[in-house]
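Engineer: Sharing run.cif below, mmCIF, C-alpha atoms:
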```
data_start
#
loop_
_atom_site.label_atom_id
_atom_site.label_comp_id
_atom_site.auth_asym_id
_atom_site.auth_seq_id
_atom_site.Cartn_x
_atom_site.Cartn_y
_atom_site.Cartn_z
CA MET A 1 21.43 -36.37 121.97
CA ARG A 2 25.22 -36.43 122.15
CA SER A 3 27.32 -36.49 119.01
CA THR A 4 30.91 -35.77 118.08
CA LYS A 5 29.83 -34.72 114.59
CA THR A 6 26.60 -33.65 112.91
CA ILE A 7 26.33 -33.68 109.12
CA HIS A 8 23.34 -31.99 107.50
CA VAL A 9 21.96 -33.71 104.41
CA ILE A 10 19.17 -33.03 101.93
CA SER A 11 18.18 -36.32 100.28
CA ALA A 12 17.06 -36.52 96.67
CA HIS A 13 16.75 -38.91 93.76
CA ALA A 14 17.06 -38.34 90.02
CA GLU A 15 14.73 -40.59 88.03
CA GLY A 16 15.08 -43.20 90.79
CA GLU A 17 18.80 -42.98 91.64
CA VAL A 18 19.62 -41.64 95.10
CA GLY A 19 21.88 -38.58 95.18
CA ASP A 20 22.00 -37.08 98.67
CA VAL A 21 23.60 -33.65 99.15
CA ILE A 22 25.65 -32.62 102.19
CA VAL A 23 24.75 -28.98 102.88
CA GLY A 24 26.47 -28.47 106.24
CA GLY A 25 28.68 -29.88 108.95
CA VAL A 26 31.71 -30.71 106.75
CA THR A 27 34.59 -28.33 106.10
CA PRO A 28 36.01 -28.20 102.56
CA PRO A 29 38.85 -30.71 102.08
CA PRO A 30 42.36 -29.49 101.24
CA GLY A 31 43.30 -28.89 97.60
CA ASP A 32 43.80 -26.06 95.14
CA THR A 33 41.23 -27.45 92.70
CA ILE A 34 37.96 -29.36 93.05
CA TRP A 35 39.69 -32.35 91.47
CA GLU A 36 42.48 -32.24 94.08
CA GLN A 37 39.85 -31.97 96.82
CA SER A 38 38.04 -35.01 95.41
CA ARG A 39 41.32 -36.97 95.36
CA TRP A 40 41.87 -36.09 99.02
CA ILE A 41 38.39 -37.38 99.91
CA ALA A 42 39.04 -40.57 97.91
CA ARG A 43 42.36 -41.20 99.71
CA ASP A 44 41.21 -40.22 103.19
CA ASN A 45 37.94 -42.22 103.06
CA THR A 46 36.72 -40.93 106.44
CA LEU A 47 33.76 -38.98 105.05
CA ARG A 48 33.05 -41.59 102.38
CA ASN A 49 32.87 -44.35 104.98
CA PHE A 50 30.74 -42.31 107.37
CA VAL A 51 28.00 -41.45 104.85
CA LEU A 52 28.18 -44.44 102.46
CA ASN A 53 28.74 -47.38 104.79
CA GLU A 54 25.97 -48.90 106.87
CA PRO A 55 24.22 -47.99 109.11
CA ARG A 56 23.89 -44.49 107.57
CA GLY A 57 24.43 -45.49 103.96
CA GLY A 58 24.18 -48.52 101.74
CA VAL A 59 25.22 -49.82 98.36
CA PHE A 60 22.27 -47.96 96.80
CA ARG A 61 23.37 -44.52 97.99
CA HIS A 62 25.42 -41.74 96.39
CA VAL A 63 26.35 -38.65 98.41
CA ASN A 64 27.50 -35.25 97.15
CA LEU A 65 29.48 -32.74 99.17
CA LEU A 66 28.85 -29.07 98.41
CA VAL A 67 32.08 -27.04 98.52
CA PRO A 68 32.93 -23.46 97.57
CA PRO A 69 33.77 -23.26 93.86
CA LYS A 70 37.31 -22.60 92.67
CA HIS A 71 36.42 -21.38 89.18
CA PRO A 72 35.23 -17.75 88.98
CA GLU A 73 32.35 -18.69 86.65
CA ALA A 74 30.90 -21.33 88.98
CA ASP A 75 27.96 -20.69 91.31
CA ALA A 76 28.60 -23.83 93.37
CA ALA A 77 30.82 -26.89 93.36
CA PHE A 78 30.28 -30.50 94.37
CA ILE A 79 32.27 -33.67 95.00
CA ILE A 80 30.57 -36.95 94.12
CA MET A 81 30.96 -39.98 96.36
CA GLU A 82 29.72 -43.24 94.84
CA PRO A 83 29.93 -46.69 96.50
CA GLU A 84 33.39 -47.46 95.10
CA ASP A 85 34.52 -44.31 93.25
CA THR A 86 34.88 -40.58 93.67
CA PRO A 87 34.40 -39.73 89.98
CA PRO A 88 34.97 -36.73 87.73
CA MET A 89 31.27 -36.30 86.96
CA SER A 90 27.85 -37.90 87.36
CA GLY A 91 24.68 -37.10 85.46
CA SER A 92 22.14 -38.22 88.07
CA ASN A 93 24.12 -36.59 90.89
CA SER A 94 24.46 -33.28 89.03
CA ILE A 95 20.68 -33.29 88.50
CA CYS A 96 20.14 -34.00 92.22
CA VAL A 97 22.59 -31.28 93.25
CA SER A 98 20.99 -28.72 90.92
CA THR A 99 17.52 -29.56 92.22
CA VAL A 100 18.59 -29.33 95.86
CA LEU A 101 20.38 -26.01 95.29
CA LEU A 102 17.30 -24.46 93.68
CA ASP A 103 14.39 -26.13 95.51
CA SER A 104 15.95 -25.46 98.93
CA GLY A 105 16.81 -21.85 98.14
CA ILE A 106 20.59 -22.23 98.47
CA LEU A 107 20.78 -20.60 95.03
CA PRO A 108 18.04 -18.21 93.87
CA MET A 109 15.41 -19.60 91.53
CA GLN A 110 14.07 -17.59 88.63
CA GLU A 111 10.97 -18.81 86.83
CA PRO A 112 10.45 -20.06 84.18
CA VAL A 113 14.17 -20.77 83.59
CA THR A 114 17.16 -20.59 85.93
CA GLU A 115 20.69 -20.90 84.61
CA ILE A 116 23.59 -21.84 86.90
CA THR A 117 27.13 -23.10 86.48
CA LEU A 118 28.39 -25.97 88.61
CA GLU A 119 31.98 -27.04 89.10
CA ALA A 120 32.35 -30.81 89.17
CA PRO A 121 35.71 -32.45 89.89
CA GLY A 122 36.12 -33.00 86.14
CA GLY A 123 35.32 -29.42 85.13
CA LEU A 124 32.53 -26.89 84.64
CA VAL A 125 29.01 -27.98 83.72
CA ARG A 126 26.35 -25.52 82.62
CA VAL A 127 22.86 -26.12 83.97
CA ARG A 128 19.50 -24.87 82.73
CA ALA A 129 16.52 -25.57 84.97
CA GLU A 130 12.89 -25.32 83.94
CA CYS A 131 11.16 -23.99 87.07
CA ARG A 132 7.53 -23.55 88.08
CA ASN A 133 5.80 -22.86 91.40
CA GLY A 134 9.06 -23.01 93.33
CA LYS A 135 10.10 -26.38 91.86
CA ALA A 136 12.93 -27.13 89.46
CA GLU A 137 10.93 -29.45 87.23
CA ARG A 138 13.54 -30.48 84.65
CA ILE A 139 17.31 -30.07 84.71
CA TYR A 140 19.44 -29.76 81.56
CA VAL A 141 23.16 -30.38 82.09
CA ARG A 142 25.89 -29.56 79.57
CA ASN A 143 28.13 -32.48 80.42
CA LEU A 144 31.89 -32.82 80.08
CA PRO A 145 33.30 -33.55 76.59
CA SER A 146 32.69 -37.22 75.81
CA PHE A 147 34.42 -39.57 73.40
CA ALA A 148 34.48 -43.10 72.04
CA ASP A 149 37.62 -44.96 73.09
CA ARG A 150 37.57 -48.39 71.40
CA LEU A 151 34.95 -49.73 69.02
CA ASP A 152 34.26 -53.44 68.56
CA ALA A 153 37.03 -54.55 70.89
CA LYS A 154 37.28 -58.25 71.77
CA LEU A 155 37.12 -59.05 75.48
CA GLU A 156 37.51 -62.45 77.10
CA VAL A 157 35.30 -62.81 80.18
CA GLU A 158 35.49 -65.94 82.29
CA GLY A 159 32.25 -67.89 82.01
CA LEU A 160 30.96 -65.72 79.16
CA GLY A 161 33.52 -66.30 76.42
CA THR A 162 34.61 -63.61 73.97
CA LEU A 163 32.46 -60.48 73.94
CA THR A 164 32.49 -57.63 71.44
CA VAL A 165 32.48 -54.39 73.42
CA ASP A 166 32.85 -50.65 72.97
CA THR A 167 34.59 -48.43 75.49
CA ALA A 168 33.88 -44.73 75.99
CA TYR A 169 34.03 -41.75 78.33
CA GLY A 170 30.99 -39.65 79.18
CA GLY A 171 32.21 -37.88 82.29
CA ASP A 172 33.03 -41.34 83.63
CA SER A 173 34.46 -44.44 81.94
CA PHE A 174 32.41 -47.29 80.47
CA VAL A 175 32.67 -50.67 78.85
CA ILE A 176 29.54 -51.09 76.72
CA VAL A 177 27.94 -54.41 75.80
CA ASP A 178 24.96 -55.29 73.59
CA ALA A 179 22.13 -56.11 75.99
CA THR A 180 20.23 -58.21 73.45
CA ALA A 181 23.30 -60.28 72.61
CA MET A 182 23.70 -60.90 76.36
CA GLY A 183 20.08 -62.13 76.54
CA PHE A 184 18.67 -59.14 78.42
CA SER A 185 15.51 -57.15 77.68
CA LEU A 186 16.47 -54.64 80.41
CA LYS A 187 13.55 -55.22 82.74
CA SER A 188 13.55 -54.77 86.51
CA ASP A 189 13.54 -58.51 87.27
CA GLU A 190 16.91 -58.84 85.49
CA ALA A 191 18.67 -56.39 87.82
CA HIS A 192 20.48 -59.01 89.92
CA ASP A 193 21.99 -60.77 86.90
CA ILE A 194 22.86 -57.47 85.19
CA ALA A 195 24.67 -56.28 88.32
CA ARG A 196 26.58 -59.53 88.77
CA LEU A 197 27.65 -59.89 85.14
CA GLY A 198 28.34 -56.17 84.74
CA VAL A 199 30.88 -56.16 87.56
CA LYS A 200 32.56 -59.22 86.05
CA ILE A 201 32.74 -57.53 82.63
CA THR A 202 34.06 -54.27 84.12
CA ASN A 203 36.78 -56.12 86.01
CA ALA A 204 37.75 -58.07 82.90
CA ALA A 205 37.93 -54.87 80.84
CA ASN A 206 40.15 -53.22 83.42
CA ALA A 207 42.49 -56.22 83.36
CA ALA A 208 42.60 -56.74 79.59
CA LEU A 209 41.83 -53.42 77.88
CA GLY A 210 42.52 -50.66 80.39
CA PHE A 211 41.37 -47.07 80.14
CA HIS A 212 43.40 -43.87 80.20
CA HIS A 213 41.85 -40.43 79.94
CA PRO A 214 44.12 -38.40 77.63
CA GLU A 215 43.89 -35.23 79.74
CA ASN A 216 43.41 -36.64 83.23
CA PRO A 217 46.18 -39.11 84.13
CA ASP A 218 44.51 -39.83 87.48
CA TRP A 219 41.54 -41.48 85.75
CA LYS A 220 42.81 -44.82 84.48
CA HIS A 221 40.11 -47.42 84.99
CA PHE A 222 36.65 -48.39 83.83
CA SER A 223 34.00 -47.58 86.41
CA PHE A 224 30.89 -49.12 84.88
CA CYS A 225 29.42 -51.57 82.41
CA LEU A 226 26.56 -50.29 80.27
CA PHE A 227 24.13 -52.87 78.93
CA ALA A 228 22.90 -51.00 75.85
CA GLY A 229 19.54 -51.84 74.34
CA PRO A 230 18.75 -51.54 70.63
CA VAL A 231 18.21 -48.01 69.31
CA ASP A 232 14.76 -47.37 67.86
CA ARG A 233 13.93 -44.30 65.80
CA THR A 234 10.53 -42.88 66.81
CA ALA A 235 8.61 -39.73 65.97
CA GLU A 236 10.10 -38.13 69.11
CA GLY A 237 13.69 -39.18 68.29
CA LEU A 238 15.98 -42.08 69.14
CA ARG A 239 15.10 -44.31 72.09
CA ALA A 240 16.97 -47.17 73.76
CA GLY A 241 17.00 -49.15 76.98
CA ALA A 242 19.96 -48.78 79.31
CA ALA A 243 21.15 -50.54 82.45
CA VAL A 244 24.42 -49.68 84.15
CA ALA A 245 26.14 -52.03 86.59
CA ILE A 246 27.88 -50.10 89.37
CA GLN A 247 30.66 -51.46 91.56
CA PRO A 248 30.50 -53.39 93.83
CA GLY A 249 27.29 -54.83 92.39
CA LYS A 250 24.10 -52.85 91.83
CA VAL A 251 22.14 -51.49 88.89
CA ASP A 252 21.61 -47.76 88.49
CA ARG A 253 17.93 -47.01 88.96
CA SER A 254 18.21 -44.06 86.57
CA PRO A 255 19.32 -44.32 82.93
CA THR A 256 22.76 -42.90 83.99
CA GLY A 257 23.64 -39.51 82.47
CA THR A 258 27.32 -40.27 81.93
CA ALA A 259 26.36 -43.55 80.21
CA LEU A 260 23.97 -41.65 77.95
CA SER A 261 26.77 -39.24 77.07
CA ALA A 262 29.18 -42.12 76.41
CA ARG A 263 26.67 -43.90 74.20
CA MET A 264 25.96 -40.76 72.20
CA ALA A 265 29.71 -40.43 71.63
CA VAL A 266 29.84 -44.01 70.31
CA LEU A 267 26.79 -43.53 68.09
CA HIS A 268 28.25 -40.28 66.75
CA ALA A 269 31.60 -41.97 66.05
CA ARG A 270 29.73 -44.60 64.03
CA GLY A 271 27.73 -42.00 62.11
CA GLN A 272 24.48 -43.18 63.69
CA MET A 273 23.63 -39.99 65.60
CA GLY A 274 23.98 -36.39 64.53
CA LEU A 275 23.45 -32.96 66.00
CA GLU A 276 19.85 -33.00 64.84
CA ASP A 277 19.03 -36.14 66.86
CA ASN A 278 18.10 -36.69 70.48
CA LEU A 279 18.39 -39.98 72.36
CA THR A 280 16.11 -41.00 75.22
CA ALA A 281 17.55 -43.68 77.49
CA VAL A 282 15.10 -45.80 79.49
CA SER A 283 16.13 -47.41 82.79
CA VAL A 284 15.07 -50.76 84.23
CA ILE A 285 12.36 -48.99 86.29
CA GLY A 286 11.07 -47.10 83.23
CA SER A 287 12.54 -43.69 84.08
CA THR A 288 14.19 -41.64 81.33
CA PHE A 289 17.02 -39.23 80.59
CA THR A 290 17.15 -37.47 77.23
CA GLY A 291 20.38 -36.43 75.57
CA ARG A 292 21.48 -34.45 72.56
CA ILE A 293 24.79 -33.51 70.97
CA THR A 294 25.29 -29.74 71.05
CA GLY A 295 28.58 -29.71 69.17
CA THR A 296 31.92 -31.41 68.63
CA THR A 297 35.39 -30.85 70.04
CA GLU A 298 38.59 -32.75 70.78
CA VAL A 299 39.93 -34.33 73.97
CA GLY A 300 43.65 -35.00 73.87
CA GLY A 301 43.58 -34.88 70.09
CA ARG A 302 40.74 -37.36 69.65
CA PRO A 303 37.25 -36.50 68.35
CA ALA A 304 34.69 -35.82 71.07
CA ILE A 305 31.15 -34.55 71.46
CA LEU A 306 29.62 -31.88 73.67
CA PRO A 307 26.61 -33.65 75.22
CA GLU A 308 23.59 -32.24 77.01
CA ILE A 309 21.48 -34.51 79.20
CA SER A 310 18.20 -33.80 80.92
CA GLY A 311 16.13 -35.39 83.65
CA ARG A 312 14.11 -34.76 86.78
CA ALA A 313 14.86 -35.01 90.49
CA TRP A 314 12.88 -34.76 93.70
CA ILE A 315 13.84 -34.01 97.30
CA THR A 316 12.87 -36.89 99.60
CA GLY A 317 13.83 -35.60 103.03
CA THR A 318 16.35 -33.97 105.32
CA HIS A 319 18.69 -35.75 107.72
CA GLN A 320 21.22 -35.05 110.43
CA HIS A 321 23.79 -37.83 110.54
CA MET A 322 25.37 -38.07 113.97
CA LEU A 323 28.12 -40.04 115.68
CA ASP A 324 27.72 -41.05 119.30
CA PRO A 325 31.19 -41.21 120.90
CA SER A 326 30.46 -44.70 122.23
CA ASP A 327 29.48 -46.14 118.82
CA PRO A 328 31.88 -49.06 118.20
CA TRP A 329 31.59 -48.62 114.39
CA PRO A 330 32.41 -44.92 113.85
CA GLU A 331 33.06 -45.44 110.12
CA GLY A 332 30.29 -48.00 109.64
CA TYR A 333 30.61 -51.43 108.05
CA ARG A 334 30.06 -53.38 104.83
CA LEU A 335 28.88 -56.97 104.44
CA THR A 336 29.18 -59.14 101.34
CA ASP A 337 25.46 -59.94 101.25
CA THR A 338 24.86 -56.54 99.65
CA TRP A 339 28.34 -55.04 99.04
CA GLY A 340 29.70 -58.03 97.11
CA ALA A 341 32.71 -60.24 97.77
CA ARG A 342 36.17 -58.66 97.79
#
```
Can you dump the structure from the file as structure tokens?
Structural biologist:
Amino acid sequence: MRSTKTIHVISAHAEGEVGDVIVGGVTPPPGDTIWEQSRWIARDNTLRNFVLNEPRGGVFRHVNLLVPPKHPEADAAFIIMEPEDTPPMSGSNSICVSTVLLDSGILPMQEPVTEITLEAPGGLVRVRAECRNGKAERIYVRNLPSFADRLDAKLEVEGLGTLTVDTAYGGDSFVIVDATAMGFSLKSDEAHDIARLGVKITNAANAALGFHHPENPDWKHFSFCLFAGPVDRTAEGLRAGAAVAIQPGKVDRSPTGTALSARMAVLHARGQMGLEDNLTAVSVIGSTFTGRITGTTEVGGRPAILPEISGRAWITGTHQHMLDPSDPWPEGYRLTDTWGAR
């Protein structure tokens, strides 16, 4: 087999959401920090197109690039590539990366608990993995500081009228709508409509409200729309449905760790969730992430929480992506039947 490049990938999913991990065949991009390296990848687009576009990728796929860490406390670093964004942080992807690092032996596993520190583009995240019989069974991630941005903001959306929304940051940026008010029970057969409307709401929020991270001037847009289900208090803690619409038009199969962090920040800002509570988010396929608030802090002078999220991931295979020199689509292609109209 002839190929001008060979990229080695370990595939995984976290509670249903694909988060592949590149473990070889790609040199680290230029940049003095992981954030600068992620900006280079976002601008260059060569690697993103090769692994995310068809025929190797698809709108359902996220891919993470392992790179040497820059921070002395970090054991490994990773750059997240999502269908449209190269974000500061991702909950499901950090759980996939942690699982791949430990289950494949890239980092040593210690049973019953292994602790590692990962460097995401947005900063350090501390990971605690419950391990048994050579498997990282549950991953706990201390996420980036998260905060509520706007509460009960009015947003005009064409075809939907005036919506009342919250906006927040949980390692990525969200506009949050009430799923019940939108007529959704957050079941799997609603995924198409959630994806379509969520992209429309996200685009409207970017046009009318805007988002600016107070400490990261590069991050100035909303990435996602979270359809938030009602919060129920059970014997095991708080529980709510969650469905996140991802650009250019799909629904996260997992409950979305950054969305869980953002929602906890909103609930805390409203006095509806304290440090003694935990919140389990349930996805449209019935998978769950559980979150808790470990403390409070400030981000750019505004109140913020220190969230921890937990979930499970599984390795699904290994791949070697190749490029034949005669392939007429070296960077792949996208069609509007699945990638959405532009």
Engineer: Would you write out, as an NGL selection string, every residue that the PyMOL selection byres ((chain A and resi 57) around 12) captures in this file?
Structural biologist: :A and (11 or 18-20 or 47-56 or 58-63 or 81-83 or 319 or 321 or 331-334 or 338-339)
Engineer: Record the distance separating CA of Ser146 in chain A and CA of Ser223 in chain A, expressed in Å with one decimal.
Structural biologist: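 Here the two named atoms are 14.9 Å from each other.
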Engineer: Compile a residue-level contact table for range 235-331 of chain A against range 104-115 of chain A at a cut-off of 12 Å, reporting for every qualifying residue the shortest atom pair and its distance in Å to one decimal, with only C-alpha atoms counted, rows ordered by chain and ascending number, as a tab-separated table.
Structural biologist:
```
residue	atom	partner	partner_atom	distance
A:Trp314	CA	A:Ser104	CA	11.1
A:Ile315	CA	A:Ser104	CA	9.0
A:Thr316	CA	A:Ser104	CA	11.9
A:Gly317	CA	A:Ser104	CA	11.1
A:Thr318	CA	A:Ser104	CA	10.6
```
Engineer: Just to confirm, what's the straight-line distance from CA of Asp152 in chain A to CA of Ala281 in chain A in Å (one decimal)?
Structural biologist: 21.3 Å
Engineer: Given the choices A:Ala207, A:Leu275, A:Leu160, A:Ala313, which gets closest to Ala129 in chain A if the distance is worked out from all atoms listed in the file?
Structural biologist: A:Ala313
Engineer: Would you be able to write out as a PDB file with C-alpha atoms, in the frame of the given file which residues have an atom within 6 Å of (15.7, -50.6, 77.7) in the file's coordinates, counting all atoms listed in the file?
Structural biologist:
```pdb
ATOM      1  CA  LEU A 186      16.470 -54.640  80.410  1.00  0.00           C
ATOM      2  CA  GLY A 229      19.540 -51.840  74.340  1.00  0.00           C
ATOM      3  CA  ALA A 240      16.970 -47.170  73.760  1.00  0.00           C
ATOM      4  CA  GLY A 241      17.000 -49.150  76.980  1.00  0.00           C
ATOM      5  CA  ALA A 242      19.960 -48.780  79.310  1.00  0.00           C
ATOM      6  CA  VAL A 282      15.100 -45.800  79.490  1.00  0.00           C
TER       7      VAL A 282
END
```
Engineer: Hey, could you patch up range 237-272 of chain A with N, CA and C atoms and hand it over as an mmCIF file, in the coordinates of the input?
Structural biologist:
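Now in out.cif:
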```cif
data_model
loop_
_atom_site.group_PDB
_atom_site.id
_atom_site.type_symbol
_atom_site.label_atom_id
_atom_site.label_comp_id
_atom_site.auth_asym_id
_atom_site.auth_seq_id
_atom_site.Cartn_x
_atom_site.Cartn_y
_atom_site.Cartn_z
ATOM 1 N N GLY A 237 12.233 -39.071 68.334
ATOM 2 C CA GLY A 237 13.690 -39.180 68.290
ATOM 3 C C GLY A 237 14.138 -40.598 68.576
ATOM 4 N N LEU A 238 15.420 -40.766 68.844
ATOM 5 C CA LEU A 238 15.980 -42.080 69.140
ATOM 6 C C LEU A 238 15.623 -42.482 70.569
ATOM 7 N N ARG A 239 15.484 -43.807 70.774
ATOM 8 C CA ARG A 239 15.100 -44.310 72.090
ATOM 9 C C ARG A 239 15.757 -45.673 72.293
ATOM 10 N N ALA A 240 16.292 -45.901 73.490
ATOM 11 C CA ALA A 240 16.970 -47.170 73.760
ATOM 12 C C ALA A 240 16.941 -47.460 75.251
ATOM 13 N N GLY A 241 16.880 -48.731 75.594
ATOM 14 C CA GLY A 241 17.000 -49.150 76.980
ATOM 15 C C GLY A 241 18.447 -49.053 77.442
ATOM 16 N N ALA A 242 18.618 -48.893 78.748
ATOM 17 C CA ALA A 242 19.960 -48.780 79.310
ATOM 18 C C ALA A 242 19.953 -49.289 80.743
ATOM 19 N N ALA A 243 20.957 -50.098 81.072
ATOM 20 C CA ALA A 243 21.150 -50.540 82.450
ATOM 21 C C ALA A 243 22.639 -50.521 82.739
ATOM 22 N N VAL A 244 23.016 -49.828 83.795
ATOM 23 C CA VAL A 244 24.420 -49.680 84.150
ATOM 24 C C VAL A 244 24.698 -50.421 85.448
ATOM 25 N N ALA A 245 25.686 -51.312 85.399
ATOM 26 C CA ALA A 245 26.140 -52.030 86.590
ATOM 27 C C ALA A 245 27.214 -51.199 87.275
ATOM 28 N N ILE A 246 26.999 -50.935 88.566
ATOM 29 C CA ILE A 246 27.880 -50.100 89.370
ATOM 30 C C ILE A 246 28.597 -50.970 90.394
ATOM 31 N N GLN A 247 29.914 -50.757 90.532
ATOM 32 C CA GLN A 247 30.660 -51.460 91.560
ATOM 33 C C GLN A 247 30.121 -51.077 92.951
ATOM 34 N N PRO A 248 30.032 -52.013 93.884
ATOM 35 C CA PRO A 248 30.500 -53.390 93.830
ATOM 36 C C PRO A 248 29.469 -54.388 93.333
ATOM 37 N N GLY A 249 28.274 -53.907 92.928
ATOM 38 C CA GLY A 249 27.290 -54.830 92.390
ATOM 39 C C GLY A 249 25.868 -54.368 92.553
ATOM 40 N N LYS A 250 25.492 -53.309 91.846
ATOM 41 C CA LYS A 250 24.100 -52.850 91.830
ATOM 42 C C LYS A 250 23.812 -52.278 90.456
ATOM 43 N N VAL A 251 22.559 -52.090 90.164
ATOM 44 C CA VAL A 251 22.140 -51.490 88.890
ATOM 45 C C VAL A 251 21.620 -50.085 89.163
ATOM 46 N N ASP A 252 22.088 -49.135 88.385
ATOM 47 C CA ASP A 252 21.610 -47.760 88.490
ATOM 48 C C ASP A 252 20.103 -47.753 88.228
ATOM 49 N N ARG A 253 19.383 -47.108 89.130
ATOM 50 C CA ARG A 253 17.930 -47.010 88.960
ATOM 51 C C ARG A 253 17.560 -45.996 87.879
ATOM 52 N N SER A 254 18.436 -45.034 87.645
ATOM 53 C CA SER A 254 18.210 -44.060 86.570
ATOM 54 C C SER A 254 18.863 -44.579 85.298
ATOM 55 N N PRO A 255 18.668 -43.895 84.168
ATOM 56 C CA PRO A 255 19.320 -44.320 82.930
ATOM 57 C C PRO A 255 20.813 -43.957 82.866
ATOM 58 N N THR A 256 21.339 -43.238 83.861
ATOM 59 C CA THR A 256 22.760 -42.900 83.990
ATOM 60 C C THR A 256 23.170 -41.858 82.933
ATOM 61 N N GLY A 257 23.336 -40.599 83.391
ATOM 62 C CA GLY A 257 23.640 -39.510 82.470
ATOM 63 C C GLY A 257 25.000 -39.632 81.803
ATOM 64 N N THR A 258 26.021 -40.102 82.549
ATOM 65 C CA THR A 258 27.320 -40.270 81.930
ATOM 66 C C THR A 258 27.305 -41.418 80.917
ATOM 67 N N ALA A 259 26.502 -42.460 81.180
ATOM 68 C CA ALA A 259 26.360 -43.550 80.210
ATOM 69 C C ALA A 259 25.664 -43.066 78.947
ATOM 70 N N LEU A 260 24.646 -42.223 79.107
ATOM 71 C CA LEU A 260 23.970 -41.650 77.950
ATOM 72 C C LEU A 260 24.942 -40.823 77.118
ATOM 73 N N SER A 261 25.783 -40.040 77.788
ATOM 74 C CA SER A 261 26.770 -39.240 77.070
ATOM 75 C C SER A 261 27.778 -40.133 76.350
ATOM 76 N N ALA A 262 28.232 -41.188 77.027
ATOM 77 C CA ALA A 262 29.180 -42.120 76.410
ATOM 78 C C ALA A 262 28.564 -42.814 75.213
ATOM 79 N N ARG A 263 27.304 -43.206 75.327
ATOM 80 C CA ARG A 263 26.670 -43.900 74.200
ATOM 81 C C ARG A 263 26.457 -42.962 73.021
ATOM 82 N N MET A 264 26.093 -41.713 73.303
ATOM 83 C CA MET A 264 25.960 -40.760 72.200
ATOM 84 C C MET A 264 27.290 -40.557 71.491
ATOM 85 N N ALA A 265 28.388 -40.566 72.252
ATOM 86 C CA ALA A 265 29.710 -40.430 71.630
ATOM 87 C C ALA A 265 30.003 -41.609 70.713
ATOM 88 N N VAL A 266 29.631 -42.823 71.141
ATOM 89 C CA VAL A 266 29.840 -44.010 70.310
ATOM 90 C C VAL A 266 28.954 -43.957 69.075
ATOM 91 N N LEU A 267 27.689 -43.613 69.245
ATOM 92 C CA LEU A 267 26.790 -43.530 68.090
ATOM 93 C C LEU A 267 27.252 -42.458 67.111
ATOM 94 N N HIS A 268 27.746 -41.340 67.626
ATOM 95 C CA HIS A 268 28.250 -40.280 66.750
ATOM 96 C C HIS A 268 29.500 -40.760 66.012
ATOM 97 N N ALA A 269 30.379 -41.467 66.694
ATOM 98 C CA ALA A 269 31.600 -41.970 66.050
ATOM 99 C C ALA A 269 31.271 -42.952 64.937
ATOM 100 N N ARG A 270 30.152 -43.647 65.060
ATOM 101 C CA ARG A 270 29.730 -44.600 64.030
ATOM 102 C C ARG A 270 28.860 -43.948 62.954
ATOM 103 N N GLY A 271 28.586 -42.671 63.078
ATOM 104 C CA GLY A 271 27.730 -42.000 62.110
ATOM 105 C C GLY A 271 26.267 -42.306 62.268
ATOM 106 N N GLN A 272 25.873 -42.782 63.458
ATOM 107 C CA GLN A 272 24.480 -43.180 63.690
ATOM 108 C C GLN A 272 23.682 -42.147 64.475
#
```
